[in-house]
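Trainee: If it helps, the file is called structure_18.csv and holds CSV, C-alpha atoms:
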```csv
chain,number,residue,atom,x,y,z
V,172,MET,CA,-27.8,44.5,9.7
V,173,LEU,CA,-30.3,41.7,10.6
V,174,PHE,CA,-29.6,40.0,7.2
V,175,ARG,CA,-25.8,40.2,7.8
V,176,LEU,CA,-26.2,38.6,11.2
V,177,ALA,CA,-28.4,35.8,9.7
V,178,LEU,CA,-25.9,35.2,7.0
V,179,VAL,CA,-23.1,34.9,9.5
V,180,VAL,CA,-25.1,32.1,11.2
V,181,VAL,CA,-25.4,30.3,7.9
V,182,LEU,CA,-21.7,30.7,7.0
V,183,MET,CA,-20.7,29.5,10.4
V,184,ALA,CA,-22.8,26.4,9.8
V,185,ALA,CA,-21.1,25.9,6.4
V,186,LEU,CA,-17.7,26.1,8.1
V,187,LEU,CA,-18.7,23.5,10.6
V,188,GLY,CA,-19.5,21.1,7.8
V,189,ASP,CA,-22.4,18.9,6.8
V,190,PRO,CA,-25.1,18.0,7.7
V,191,ILE,CA,-26.5,21.4,7.1
V,192,ASP,CA,-27.2,23.3,10.3
V,193,ALA,CA,-30.8,23.9,11.3
V,194,ALA,CA,-30.2,27.6,11.4
V,195,ALA,CA,-31.3,28.0,7.8
V,196,GLN,CA,-34.8,27.0,8.5
V,197,GLY,CA,-35.2,29.5,11.3
V,198,MET,CA,-33.6,32.6,9.8
V,199,LEU,CA,-36.3,33.8,7.4
V,200,SER,CA,-37.8,36.2,10.0
V,201,ASN,CA,-34.5,38.0,10.2
V,202,VAL,CA,-34.1,38.5,6.5
V,203,ASP,CA,-35.2,41.5,4.3
V,204,LEU,CA,-36.3,39.7,1.1
V,205,ASN,CA,-36.5,43.1,-0.6
V,206,SER,CA,-32.9,43.9,0.0
V,207,PRO,CA,-30.7,44.0,-3.1
V,208,ASP,CA,-28.8,40.9,-1.9
V,209,MET,CA,-32.0,38.9,-1.9
V,210,SER,CA,-33.9,40.4,-4.8
V,211,THR,CA,-31.4,41.3,-7.5
V,212,ALA,CA,-29.1,39.5,-9.9
V,213,GLU,CA,-25.4,39.9,-10.4
V,214,MET,CA,-25.4,38.0,-13.7
V,215,THR,CA,-27.5,37.9,-16.9
V,216,ARG,CA,-29.1,34.8,-18.3
V,217,ALA,CA,-26.4,34.9,-21.1
V,218,GLU,CA,-23.6,34.9,-18.5
V,219,VAL,CA,-25.2,32.0,-16.6
V,220,GLU,CA,-25.5,30.0,-19.8
V,221,ALA,CA,-21.9,30.7,-20.7
V,222,LEU,CA,-20.7,29.6,-17.2
V,223,LEU,CA,-22.7,26.4,-17.6
V,224,LYS,CA,-21.2,25.7,-21.0
V,225,ALA,CA,-17.7,26.4,-19.8
V,226,ALA,CA,-17.9,24.1,-16.8
V,227,PRO,CA,-15.5,21.1,-16.8
V,228,GLN,CA,-16.8,17.7,-17.8
V,229,ASP,CA,-16.3,14.5,-15.9
V,230,GLY,CA,-15.5,11.1,-17.4
V,231,ALA,CA,-19.2,10.6,-18.3
V,232,GLY,CA,-19.3,13.9,-20.2
V,233,GLN,CA,-21.4,15.6,-17.5
V,234,ARG,CA,-20.7,19.2,-16.6
V,235,SER,CA,-20.6,20.6,-13.0
V,236,ALA,CA,-20.7,24.4,-12.7
V,237,ASP,CA,-19.9,26.3,-9.5
V,238,LEU,CA,-22.5,29.0,-8.8
V,239,GLN,CA,-22.2,28.9,-5.0
V,240,GLY,CA,-23.6,32.1,-3.4
V,241,LYS,CA,-24.4,33.8,-6.6
V,242,ARG,CA,-27.3,36.3,-6.7
V,243,LEU,CA,-29.7,35.2,-9.5
V,244,SER,CA,-33.0,36.4,-8.1
V,245,HIS,CA,-35.8,37.2,-10.6
V,246,LEU,CA,-33.9,36.0,-13.6
V,247,ASP,CA,-35.5,34.0,-16.4
V,248,LEU,CA,-33.4,30.8,-16.3
V,249,SER,CA,-36.1,28.5,-17.7
V,250,GLY,CA,-34.9,25.4,-19.5
V,251,LEU,CA,-31.3,25.7,-18.5
V,252,ASP,CA,-29.4,22.6,-17.3
V,253,PHE,CA,-27.8,22.9,-13.9
V,254,SER,CA,-27.4,19.1,-13.4
V,255,GLY,CA,-24.6,18.2,-11.0
V,256,SER,CA,-23.9,21.9,-10.3
V,257,ASN,CA,-23.0,23.5,-7.0
V,258,LEU,CA,-25.7,26.0,-6.2
V,259,ARG,CA,-25.2,26.1,-2.5
V,260,LEU,CA,-26.3,29.4,-0.9
V,261,VAL,CA,-27.4,30.7,-4.3
V,262,LYS,CA,-30.2,33.3,-4.4
V,263,LEU,CA,-33.0,32.4,-6.9
V,264,ASN,CA,-35.9,34.2,-5.2
V,265,GLY,CA,-38.7,34.8,-7.7
V,266,ALA,CA,-36.7,33.3,-10.6
V,267,SER,CA,-38.3,31.6,-13.5
V,268,LEU,CA,-36.9,28.1,-13.6
V,269,LYS,CA,-39.6,26.4,-15.6
V,270,GLY,CA,-38.4,23.1,-17.2
V,271,ALA,CA,-34.9,23.7,-15.8
V,272,ARG,CA,-32.8,20.6,-14.8
V,273,PHE,CA,-31.2,20.4,-11.3
V,274,ASP,CA,-30.6,16.6,-11.3
V,275,ARG,CA,-28.0,15.7,-8.6
V,276,ALA,CA,-27.4,19.4,-8.0
V,277,ASN,CA,-26.3,20.8,-4.6
V,278,LEU,CA,-29.0,23.3,-3.6
V,279,ASN,CA,-28.2,23.2,0.1
V,280,GLN,CA,-29.2,26.4,1.9
V,281,ALA,CA,-30.2,28.0,-1.4
V,282,TRP,CA,-33.0,30.6,-1.6
V,283,LEU,CA,-35.9,29.8,-4.0
V,284,ILE,CA,-38.7,31.7,-2.3
V,285,ASP,CA,-41.5,32.3,-4.8
V,286,ALA,CA,-39.4,30.7,-7.6
V,287,ASP,CA,-41.3,29.0,-10.5
V,288,LEU,CA,-39.9,25.5,-11.0
V,289,THR,CA,-43.0,24.2,-12.8
V,290,GLY,CA,-42.0,21.0,-14.7
V,291,ALA,CA,-38.4,21.3,-13.5
V,292,SER,CA,-36.3,18.2,-12.7
V,293,LEU,CA,-34.6,17.9,-9.4
V,294,ALA,CA,-34.1,14.2,-9.3
V,295,ASN,CA,-31.6,13.1,-6.7
V,296,ALA,CA,-30.8,16.7,-5.8
V,297,SER,CA,-29.7,17.8,-2.4
V,298,LEU,CA,-32.0,20.4,-0.7
V,299,LEU,CA,-30.8,20.7,2.8
V,300,GLY,CA,-31.9,23.8,4.7
V,301,THR,CA,-33.2,25.2,1.4
V,302,GLN,CA,-35.8,28.1,1.6
V,303,MET,CA,-38.6,27.3,-0.9
V,304,GLN,CA,-41.7,29.0,0.6
V,305,ARG,CA,-44.5,29.4,-2.0
V,306,ALA,CA,-42.4,27.9,-4.8
V,307,LYS,CA,-44.2,26.5,-7.8
V,308,LEU,CA,-43.3,22.9,-8.4
V,309,GLY,CA,-46.3,21.6,-10.3
V,310,GLY,CA,-45.3,18.5,-12.2
V,311,ALA,CA,-41.7,18.7,-11.0
V,312,ASP,CA,-39.5,15.6,-10.7
V,313,LEU,CA,-38.0,15.3,-7.2
V,314,ASN,CA,-37.6,11.5,-7.3
V,315,GLY,CA,-34.9,10.4,-5.0
V,316,ALA,CA,-34.1,13.9,-3.7
V,317,ARG,CA,-32.9,14.5,-0.2
V,318,ILE,CA,-35.0,17.4,1.2
V,319,THR,CA,-35.0,19.2,4.5
V,320,ALA,CA,-36.3,22.3,2.8
V,321,ASP,CA,-39.1,24.7,3.9
V,322,LEU,CA,-41.8,24.3,1.3
V,323,SER,CA,-44.5,26.0,3.3
V,324,GLY,CA,-47.3,27.2,1.0
V,325,ALA,CA,-45.6,25.6,-2.1
V,326,THR,CA,-47.5,24.2,-5.0
V,327,LEU,CA,-46.5,20.6,-5.9
V,328,ILE,CA,-49.6,19.5,-7.8
V,329,GLY,CA,-48.8,16.3,-9.6
V,330,ALA,CA,-45.2,16.5,-8.5
V,331,ARG,CA,-43.1,13.3,-8.4
V,332,LEU,CA,-41.4,12.5,-5.1
V,333,SER,CA,-41.1,8.8,-5.3
V,334,GLY,CA,-38.3,7.5,-3.1
V,335,ALA,CA,-37.5,11.1,-1.9
V,336,ASP,CA,-36.2,11.5,1.6
V,337,LEU,CA,-37.8,14.4,3.5
V,338,SER,CA,-37.2,12.9,7.0
V,339,ALA,CA,-35.8,14.6,10.0
V,340,ASP,CA,-32.0,14.5,10.4
V,341,MET,CA,-31.9,12.9,13.8
V,342,ARG,CA,-28.1,13.2,14.0
V,343,ASN,CA,-28.0,17.0,13.9
V,344,GLN,CA,-30.5,18.6,16.3
V,345,SER,CA,-28.2,21.1,18.2
V,346,MET,CA,-30.1,24.1,16.8
V,347,GLY,CA,-33.5,22.5,16.0
V,348,LEU,CA,-35.0,19.7,14.0
V,349,MET,CA,-34.1,19.8,10.4
V,350,ARG,CA,-36.9,18.1,8.3
V,351,GLY,CA,-39.1,18.7,5.3
V,352,VAL,CA,-41.7,21.4,6.0
V,353,LEU,CA,-44.7,21.2,3.8
V,354,LYS,CA,-47.2,23.2,5.9
V,355,SER,CA,-50.2,24.3,3.8
V,356,ALA,CA,-48.5,23.0,0.7
V,357,ASP,CA,-50.6,21.7,-2.2
V,358,LEU,CA,-49.6,18.2,-3.1
V,359,ALA,CA,-52.9,17.1,-4.8
V,360,GLY,CA,-52.2,14.2,-7.1
V,361,ALA,CA,-48.5,14.1,-6.2
V,362,ASP,CA,-46.7,10.8,-6.3
V,363,LEU,CA,-44.9,10.2,-2.9
V,364,SER,CA,-44.8,6.5,-3.1
V,365,GLY,CA,-42.0,5.0,-1.1
V,366,ALA,CA,-41.0,8.4,0.2
V,367,ASN,CA,-39.5,8.8,3.7
V,368,LEU,CA,-41.7,11.4,5.4
V,369,SER,CA,-40.8,10.5,9.0
V,370,ARG,CA,-41.4,13.5,11.2
V,371,VAL,CA,-42.2,15.8,8.3
V,372,ASP,CA,-44.5,18.8,8.9
V,373,LEU,CA,-47.6,18.3,6.7
V,374,GLU,CA,-50.0,20.4,8.7
V,375,PHE,CA,-53.0,21.6,6.6
V,376,ALA,CA,-51.4,20.1,3.4
V,377,GLN,CA,-53.6,19.3,0.4
V,378,LEU,CA,-53.0,15.6,-0.4
V,379,GLN,CA,-56.2,14.8,-2.3
V,380,ASN,CA,-55.6,11.9,-4.7
V,381,ALA,CA,-51.9,11.8,-3.6
V,382,ASN,CA,-50.1,8.5,-3.9
V,383,LEU,CA,-48.6,7.8,-0.4
V,384,ALA,CA,-48.3,4.0,-0.9
V,385,ASN,CA,-45.5,2.5,1.2
V,386,CYS,CA,-44.5,5.9,2.7
V,387,ASN,CA,-42.9,6.2,6.1
V,388,LEU,CA,-45.2,8.7,7.8
V,389,GLY,CA,-44.1,7.7,11.3
V,390,HIS,CA,-44.2,10.7,13.7
V,391,ALA,CA,-45.3,13.0,10.8
V,392,ASP,CA,-47.6,15.9,11.5
V,393,LEU,CA,-50.8,15.6,9.3
V,394,ALA,CA,-53.0,17.7,11.6
V,395,GLY,CA,-55.6,19.4,9.4
V,396,ALA,CA,-54.4,17.8,6.2
V,397,ASP,CA,-56.8,16.8,3.4
V,398,LEU,CA,-56.1,13.2,2.5
V,399,SER,CA,-59.4,12.5,0.7
V,400,ASP,CA,-59.0,9.8,-1.9
V,401,ALA,CA,-55.3,9.5,-1.1
V,402,ASN,CA,-53.6,6.1,-1.5
V,403,LEU,CA,-52.3,5.0,1.9
V,404,ALA,CA,-51.7,1.3,1.1
V,405,GLY,CA,-48.7,0.1,3.1
V,406,ALA,CA,-48.0,3.6,4.5
V,407,ASP,CA,-46.6,3.5,8.1
V,408,LEU,CA,-48.8,5.6,10.4
V,409,THR,CA,-46.9,5.0,13.6
V,410,GLU,CA,-47.5,8.0,15.9
V,411,THR,CA,-48.6,10.1,13.0
V,412,ASP,CA,-50.7,13.0,14.2
V,413,LEU,CA,-54.1,12.9,12.4
V,414,ALA,CA,-55.9,15.5,14.5
V,415,SER,CA,-58.6,17.2,12.3
V,416,ALA,CA,-57.2,15.5,9.2
V,417,LEU,CA,-59.7,14.6,6.5
V,418,LEU,CA,-59.0,10.9,5.9
V,419,PRO,CA,-59.8,8.7,2.9
V,420,SER,CA,-62.6,6.1,3.0
V,421,ALA,CA,-62.5,3.5,5.8
V,422,ALA,CA,-61.7,0.8,3.2
V,423,ALA,CA,-58.7,2.8,1.9
V,424,LEU,CA,-57.5,3.6,5.4
V,425,GLN,CA,-57.5,0.0,6.4
V,426,LYS,CA,-54.8,-0.7,3.9
V,427,ALA,CA,-52.4,1.6,5.9
V,428,SER,CA,-49.9,0.1,8.3
V,429,ASN,CA,-50.0,0.6,12.0
V,430,LEU,CA,-53.2,2.6,11.9
V,431,ASP,CA,-53.8,1.5,15.5
V,432,LYS,CA,-50.6,3.4,16.5
V,433,ALA,CA,-51.6,6.7,14.9
V,434,LEU,CA,-52.2,9.7,17.2
V,435,ASN,CA,-55.5,11.6,17.5
V,436,LEU,CA,-57.3,9.2,15.1
V,437,SER,CA,-60.5,9.9,17.0
V,438,LEU,CA,-60.2,13.6,16.2
V,439,ALA,CA,-59.8,13.0,12.5
V,440,ARG,CA,-62.6,13.5,10.0
V,441,HIS,CA,-63.6,10.8,7.5
V,442,HIS,CA,-64.2,11.2,3.8
V,443,PRO,CA,-67.5,9.6,2.7
```
For the structure just supplied, provide its representation as structure tokens.
Mentor:
Amino acid sequence: MLFRLALVVVLMAALLGDPIDAAAQGMLSNVDLNSPDMSTAEMTRAEVEALLKAAPQDGAGQRSADLQGKRLSHLDLSGLDFSGSNLRLVKLNGASLKGARFDRANLNQAWLIDADLTGASLANASLLGTQMQRAKLGGADLNGARITADLSGATLIGARLSGADLSADMRNQSMGLMRGVLKSADLAGADLSGANLSRVDLEFAQLQNANLANCNLGHADLAGADLSDANLAGADLTETDLASALLPSAAALQKASNLDKALNLSLARHHP
């Protein structure tokens, strides 16, 4: 019953149109992830492959399959090409998606909790209101993606997010702030150069050796985050919360922009 009520909220948001409503980020507590709707598949891998191959081609020869709302949880879909496809509201919880391609795909409000996207490509994909807690995205390509997903506890070691936009949607706050959530995520060695991380939640995130050059970190929450040996050259720290954060060396920190406007700098820890 609780899941049905939560689903109604999401569907109402879909009917009201984009941007995706903030309800998706706050509904997880009302969902039974062990329910058949969230943990089983209605198609086999072979059926998914057939649907992808049968999808119509555009003038450039690119296919665009429609898998909206499909239940595909716990399937092995590794290596498949979903580029340009509509995967809105799809359930892929616990699915193996290693090396799969989702370039330019619509993954808005999709469910990928505990999914394995190691080495997957999601370049320029749309991930609005997507649930990706504890997902594995090591080495994944998210360059240029638009992300207001919940990636709490996710693994993004060595992932590429250059030019990605995880910033808050300031136009649509009627039901809460939609933004990228990377609380306690592991982004060690990730490339976030030039990414828009304005107002993103990075509390307790692991950002050791991460490339944050020229990032917009304005108003972001980095409380308790580990930024040791991170590259902050040109990164905007305007009103960035650095309480209890482990910062890189003083020399590296001085290369950041608007350090004097950061919040709680005096409460941060400094890497030797």
Trainee: I'd like to know which of V:Leu368, V:Leu268, V:Ala404, V:Leu204 is closest to V:Arg216, using only C-alpha atoms.
Mentor: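 Selected residue with least distance to V:Arg216: V:Leu268.
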Trainee: From the set V:Leu263, V:Leu238, V:Leu322, V:Ala311, which residue has the shortest atom-to-atom contact distance to V:Asn277, counting all atoms listed in the file?
Mentor: V:Leu238
Trainee: Go through V:Leu246, V:Ala423, V:Lys354, V:Asn382 and flag the residue nearest V:Ala396, using only C-alpha atoms for the distances.
Mentor: V:Lys354
Trainee: Applying 9 Å and only C-alpha atoms, which residues near stretch 213-215 of chain V remain after dropping the ones on its own chain fewer than 4 positions away? List them as number ranges by chain.
Mentor: V: 219-220, 241-244, 246-247
Trainee: Could you jot down the atom CA of V:Asn279 to atom CA of V:Ala339 separation for me, Å, one decimal place?
Mentor: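 These atoms are spaced 15.2 Å apart.
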Trainee: One number please: atom CA of V:Phe273 to atom CA of V:Asn295, in Å, one decimal.
Mentor: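 These atoms are spaced 8.6 Å apart.
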Trainee: Using all atoms listed in the file, which of the listed residues (V:Leu293, V:Leu223, V:Val371, V:Leu430) sits closest to V:Leu393?
Mentor: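 Looking only at the distances to V:Leu393, the closest residue turns out to be V:Val371.
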Trainee: Select all residues near (-44.3, 21.5, -2.1) (cut-off 9 Å, inclusive, file coordinates), counting only C-alpha atoms, and output them as a list of chain:residue names.
Mentor: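 The answer, in the requested form, is V:Met303, V:Gln304, V:Arg305, V:Ala306, V:Lys307, V:Leu308, V:Gly309, V:Asp321, V:Leu322, V:Ser323, V:Gly324, V:Ala325, V:Thr326, V:Leu327, V:Ile328, V:Ala330, V:Val352, V:Leu353, V:Lys354, V:Ser355, V:Ala356, V:Asp357, V:Leu358.
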Trainee: What does the structure give for the distance between atom CA of V:Ala433 and atom CA of V:Leu417, in Å to one decimal?
Mentor: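 If I compute the distance from atom CA of V:Ala433 to atom CA of V:Leu417, I get 14.1 Å.
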Trainee: V:Ile318, V:Leu348, V:Leu248, V:Ala394: which is nearest V:Asp287, counting all atoms listed in the file?
Mentor: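 Looking only at the distances to V:Asp287, the closest residue turns out to be V:Leu248.
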Trainee: Could you name the residues that touch V:Arg331 at 12 Å or less, counting all atoms listed in the file, but leaving out those on the same chain fewer than 2 positions away, as an NGL selection string?
Mentor: :V and (289-295 or 308-316 or 327-329 or 333-335 or 358-366 or 381-383)
Trainee: I want to know what sits within 12 Å of V:Ala422, based on all atoms listed in the file, with residues of the same chain fewer than 2 positions away left out; could you give that as a ChimeraX atom specification?
Mentor: /V:400-404,418-420,424-427,441-443
Trainee: Find, counting all atoms listed in the file, the residue in V:Leu408, V:Leu413, V:Leu260, V:Ala212 that gets nearest to V:Asp431.
Mentor: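 Once distances to V:Asp431 are computed over all atoms listed in the file, the minimum belongs to V:Leu408.
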Trainee: Could stretch 424-437 of chain V be completed with N, CA, C and O atoms and returned as a PDB file, in the frame of the given file?
Mentor:
```
ATOM      1  N   LEU V 424     -58.322   3.400   4.221  1.00  0.00           N
ATOM      2  CA  LEU V 424     -57.500   3.600   5.400  1.00  0.00           C
ATOM      3  C   LEU V 424     -57.054   2.310   6.026  1.00  0.00           C
ATOM      4  O   LEU V 424     -55.950   2.234   6.590  1.00  0.00           O
ATOM      5  N   GLN V 425     -57.857   1.267   5.877  1.00  0.00           N
ATOM      6  CA  GLN V 425     -57.500   0.000   6.400  1.00  0.00           C
ATOM      7  C   GLN V 425     -56.281  -0.648   5.737  1.00  0.00           C
ATOM      8  O   GLN V 425     -55.652  -1.563   6.262  1.00  0.00           O
ATOM      9  N   LYS V 426     -55.923  -0.144   4.578  1.00  0.00           N
ATOM     10  CA  LYS V 426     -54.800  -0.700   3.900  1.00  0.00           C
ATOM     11  C   LYS V 426     -53.456  -0.072   4.393  1.00  0.00           C
ATOM     12  O   LYS V 426     -52.374  -0.511   4.020  1.00  0.00           O
ATOM     13  N   ALA V 427     -53.576   0.959   5.270  1.00  0.00           N
ATOM     14  CA  ALA V 427     -52.400   1.600   5.900  1.00  0.00           C
ATOM     15  C   ALA V 427     -51.810   0.635   6.923  1.00  0.00           C
ATOM     16  O   ALA V 427     -52.481  -0.254   7.438  1.00  0.00           O
ATOM     17  N   SER V 428     -50.541   0.860   7.245  1.00  0.00           N
ATOM     18  CA  SER V 428     -49.900   0.100   8.300  1.00  0.00           C
ATOM     19  C   SER V 428     -49.815   0.804   9.588  1.00  0.00           C
ATOM     20  O   SER V 428     -49.625   2.020   9.614  1.00  0.00           O
ATOM     21  N   ASN V 429     -50.026   0.063  10.686  1.00  0.00           N
ATOM     22  CA  ASN V 429     -50.000   0.600  12.000  1.00  0.00           C
ATOM     23  C   ASN V 429     -50.949   1.753  12.294  1.00  0.00           C
ATOM     24  O   ASN V 429     -50.644   2.720  13.003  1.00  0.00           O
ATOM     25  N   LEU V 430     -52.121   1.620  11.691  1.00  0.00           N
ATOM     26  CA  LEU V 430     -53.200   2.600  11.900  1.00  0.00           C
ATOM     27  C   LEU V 430     -53.527   2.692  13.399  1.00  0.00           C
ATOM     28  O   LEU V 430     -53.831   3.782  13.911  1.00  0.00           O
ATOM     29  N   ASP V 431     -53.456   1.559  14.093  1.00  0.00           N
ATOM     30  CA  ASP V 431     -53.800   1.500  15.500  1.00  0.00           C
ATOM     31  C   ASP V 431     -52.782   2.326  16.359  1.00  0.00           C
ATOM     32  O   ASP V 431     -53.047   2.653  17.524  1.00  0.00           O
ATOM     33  N   LYS V 432     -51.641   2.657  15.784  1.00  0.00           N
ATOM     34  CA  LYS V 432     -50.600   3.400  16.500  1.00  0.00           C
ATOM     35  C   LYS V 432     -50.612   4.895  16.169  1.00  0.00           C
ATOM     36  O   LYS V 432     -49.771   5.656  16.665  1.00  0.00           O
ATOM     37  N   ALA V 433     -51.542   5.308  15.303  1.00  0.00           N
ATOM     38  CA  ALA V 433     -51.600   6.700  14.900  1.00  0.00           C
ATOM     39  C   ALA V 433     -52.128   7.550  16.102  1.00  0.00           C
ATOM     40  O   ALA V 433     -52.854   7.051  16.977  1.00  0.00           O
ATOM     41  N   LEU V 434     -51.769   8.819  16.119  1.00  0.00           N
ATOM     42  CA  LEU V 434     -52.200   9.700  17.200  1.00  0.00           C
ATOM     43  C   LEU V 434     -53.417  10.519  16.762  1.00  0.00           C
ATOM     44  O   LEU V 434     -53.542  10.929  15.605  1.00  0.00           O
ATOM     45  N   ASN V 435     -54.322  10.720  17.704  1.00  0.00           N
ATOM     46  CA  ASN V 435     -55.500  11.600  17.500  1.00  0.00           C
ATOM     47  C   ASN V 435     -56.407  11.087  16.364  1.00  0.00           C
ATOM     48  O   ASN V 435     -57.067  11.899  15.701  1.00  0.00           O
ATOM     49  N   LEU V 436     -56.444   9.769  16.154  1.00  0.00           N
ATOM     50  CA  LEU V 436     -57.300   9.200  15.100  1.00  0.00           C
ATOM     51  C   LEU V 436     -58.776   9.555  15.395  1.00  0.00           C
ATOM     52  O   LEU V 436     -59.547   9.809  14.468  1.00  0.00           O
ATOM     53  N   SER V 437     -59.132   9.592  16.653  1.00  0.00           N
ATOM     54  CA  SER V 437     -60.500   9.900  17.000  1.00  0.00           C
ATOM     55  C   SER V 437     -60.896  11.337  16.719  1.00  0.00           C
ATOM     56  O   SER V 437     -62.082  11.675  16.670  1.00  0.00           O
TER      57      SER V 437
END
```
